[in-house]
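Report on the following structure.
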Amino acid sequence: MTANSIARQEHQLIAQHAADWLRRLQSGDPAEHAAFIAWLKQSPLHVQETLLAMSVDDALDGFDSQRRIDLDVLLGDARNVVPLRTDTRVAASIKHPSRKKRWLMSLAASVLLAVTAGLLLPSLLNRTKFETTLGEQRAISLEDGSVVHLNTLSRIRTDYSASARDIYLLEGQAIFRVAHDAQRPFRVHTDTAIVQAIGTQFDVRQLAGRTQVAVIEGVVQVSTLPAGKVEQAPAPQQLRAGQIVAVGLAAGSATEPVPAPKVTDVKDITAWQQRRLVFRKDRLSDIAAEFNRYGRVKMNVEGEQLRAREFSGTFDADDATLLLSFLERDTSVSVERTGNEIRIRPR
């Protein structure tokens, strides 16, 4: 094995370690934090790979929300990219640096480590991810006293700083009970909306191409504009307890005005915490998709007209028997069970 291949393998190993540290730090264990600092101080390359891993991890949140791409593999593969042409004088100076260059490299490493300890570490410790699996629900207490109730198959990322509390709902649904802090606004970001709390409790759900926001207590402010483009922002909409709104994107635009809110029953909003599914004139395709988030038996609805038919009712999230019995009594609908799959189609 050549020296270059050995160095490349060592580089890949460091990249994998950096990705692993990002996961381990989410536990909040002080011992892990201390071990991470010690690992960073071992080499400037550890710092470099951690910064790269953070950048890749953030990018995957938008590009690969379900994380089918393995971060360790992705970082490792990046190390296999070979430059088309390398200047031999530059390569030689890197391989055998002069005393002055070694001193400058050492100084740069010291500065980088100081910046990392002062800036990078707090950022890492304040950015935490939580998720639930199929059928799982969980309550999460955040550092400011706020509580997040995550529904099944849901993911969030927290990004707390001295001036703001930002939560990114990457997938699924959550209820937020917000602790009051006048100095740090509490914002929930989705693909299509930003929801800012004003001392409140509210539900946010990511749907296909839109975000549903419902207020349980207090007031929230909803905007469709992604962060960082305030100068283009349409007027935000205020929602009060018992109001609901669905926020989508106009074709090719991220600045569609928030529609006027509708009145809803607060009990319907929170029913999923008791594992009850409440539908009020919902499309059958959406009803099936919601049931599929809880159980391993998957429902597939065929035919555009049937998918678009609206139904109402309250059901047990873990048992679709009542829904299927209702559909089987409809002479225009065929329900077929095959293993863990249920096909619902026009008769």
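Ligands are numbered from 1 in the order shown, chains are lettered A, B, ... in the order of the structure tokens, and residues start at 1 in each chain.
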With the cut-off set at 12 Å and counting only C-alpha atoms, tabulate each residue of region 255-287 of chain A with an atom at most that distance from an atom of region 296-305 of chain A, showing the nearest atom pair and its distance in Å to one decimal, ordered by chain and increasing number, as CSV.
```
residue,atom,partner,partner_atom,distance
A:Arg283,CA,A:Gln305,CA,10.0
A:Leu284,CA,A:Val301,CA,7.5
A:Ser285,CA,A:Val301,CA,6.1
A:Asp286,CA,A:Val301,CA,9.6
A:Ile287,CA,A:Met299,CA,9.4
```
Neighbours of Asp319 (chain A) within 12 Å (only C-alpha atoms; same-chain residues fewer than 5 positions away dropped), as a PyMOL selection string? chain A and resi 135+275-277+290-298+314+324-325
Give me, as a ChimeraX atom specification, all polymer residues having an atom no more than 7 Å from region 164-169 of chain A, counting only C-alpha atoms and skipping those fewer than 2 positions away in the same chain. /A:155-162,171,184-190
Mind dumping the selected residues with C-alpha atoms as a PDB file, in the first residue's frame?
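What follows is the written file again-v4.pdb:
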```pdb
ATOM      1  CA  ARG A 155     -38.198  15.287  12.718  1.00  0.00           C
ATOM      2  CA  ILE A 156     -37.100  18.644  14.090  1.00  0.00           C
ATOM      3  CA  ARG A 157     -33.820  20.493  14.469  1.00  0.00           C
ATOM      4  CA  THR A 158     -33.339  23.122  17.167  1.00  0.00           C
ATOM      5  CA  ASP A 159     -31.013  26.081  16.669  1.00  0.00           C
ATOM      6  CA  TYR A 160     -30.867  28.215  19.814  1.00  0.00           C
ATOM      7  CA  SER A 161     -28.763  31.358  20.163  1.00  0.00           C
ATOM      8  CA  ALA A 162     -28.558  34.354  22.493  1.00  0.00           C
ATOM      9  CA  GLU A 171     -40.860  16.326   8.469  1.00  0.00           C
ATOM     10  CA  ARG A 184     -35.584  35.636  22.126  1.00  0.00           C
ATOM     11  CA  PRO A 185     -38.371  35.080  19.582  1.00  0.00           C
ATOM     12  CA  PHE A 186     -39.521  31.488  19.087  1.00  0.00           C
ATOM     13  CA  ARG A 187     -39.901  30.586  15.398  1.00  0.00           C
ATOM     14  CA  VAL A 188     -40.851  27.348  13.665  1.00  0.00           C
ATOM     15  CA  HIS A 189     -39.593  27.007  10.085  1.00  0.00           C
ATOM     16  CA  THR A 190     -41.053  24.679   7.456  1.00  0.00           C
TER      17      THR A 190
END
```
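Counting only C-alpha atoms and comparing A:Ser146, A:Ser332, A:Arg24, A:Leu134, the residue that lies closest to Asp318 (chain A) is A:Leu134.
Distance-wise, CA of Arg307 (chain A) and CA of Gln206 (chain A) end up 19.5 Å apart.
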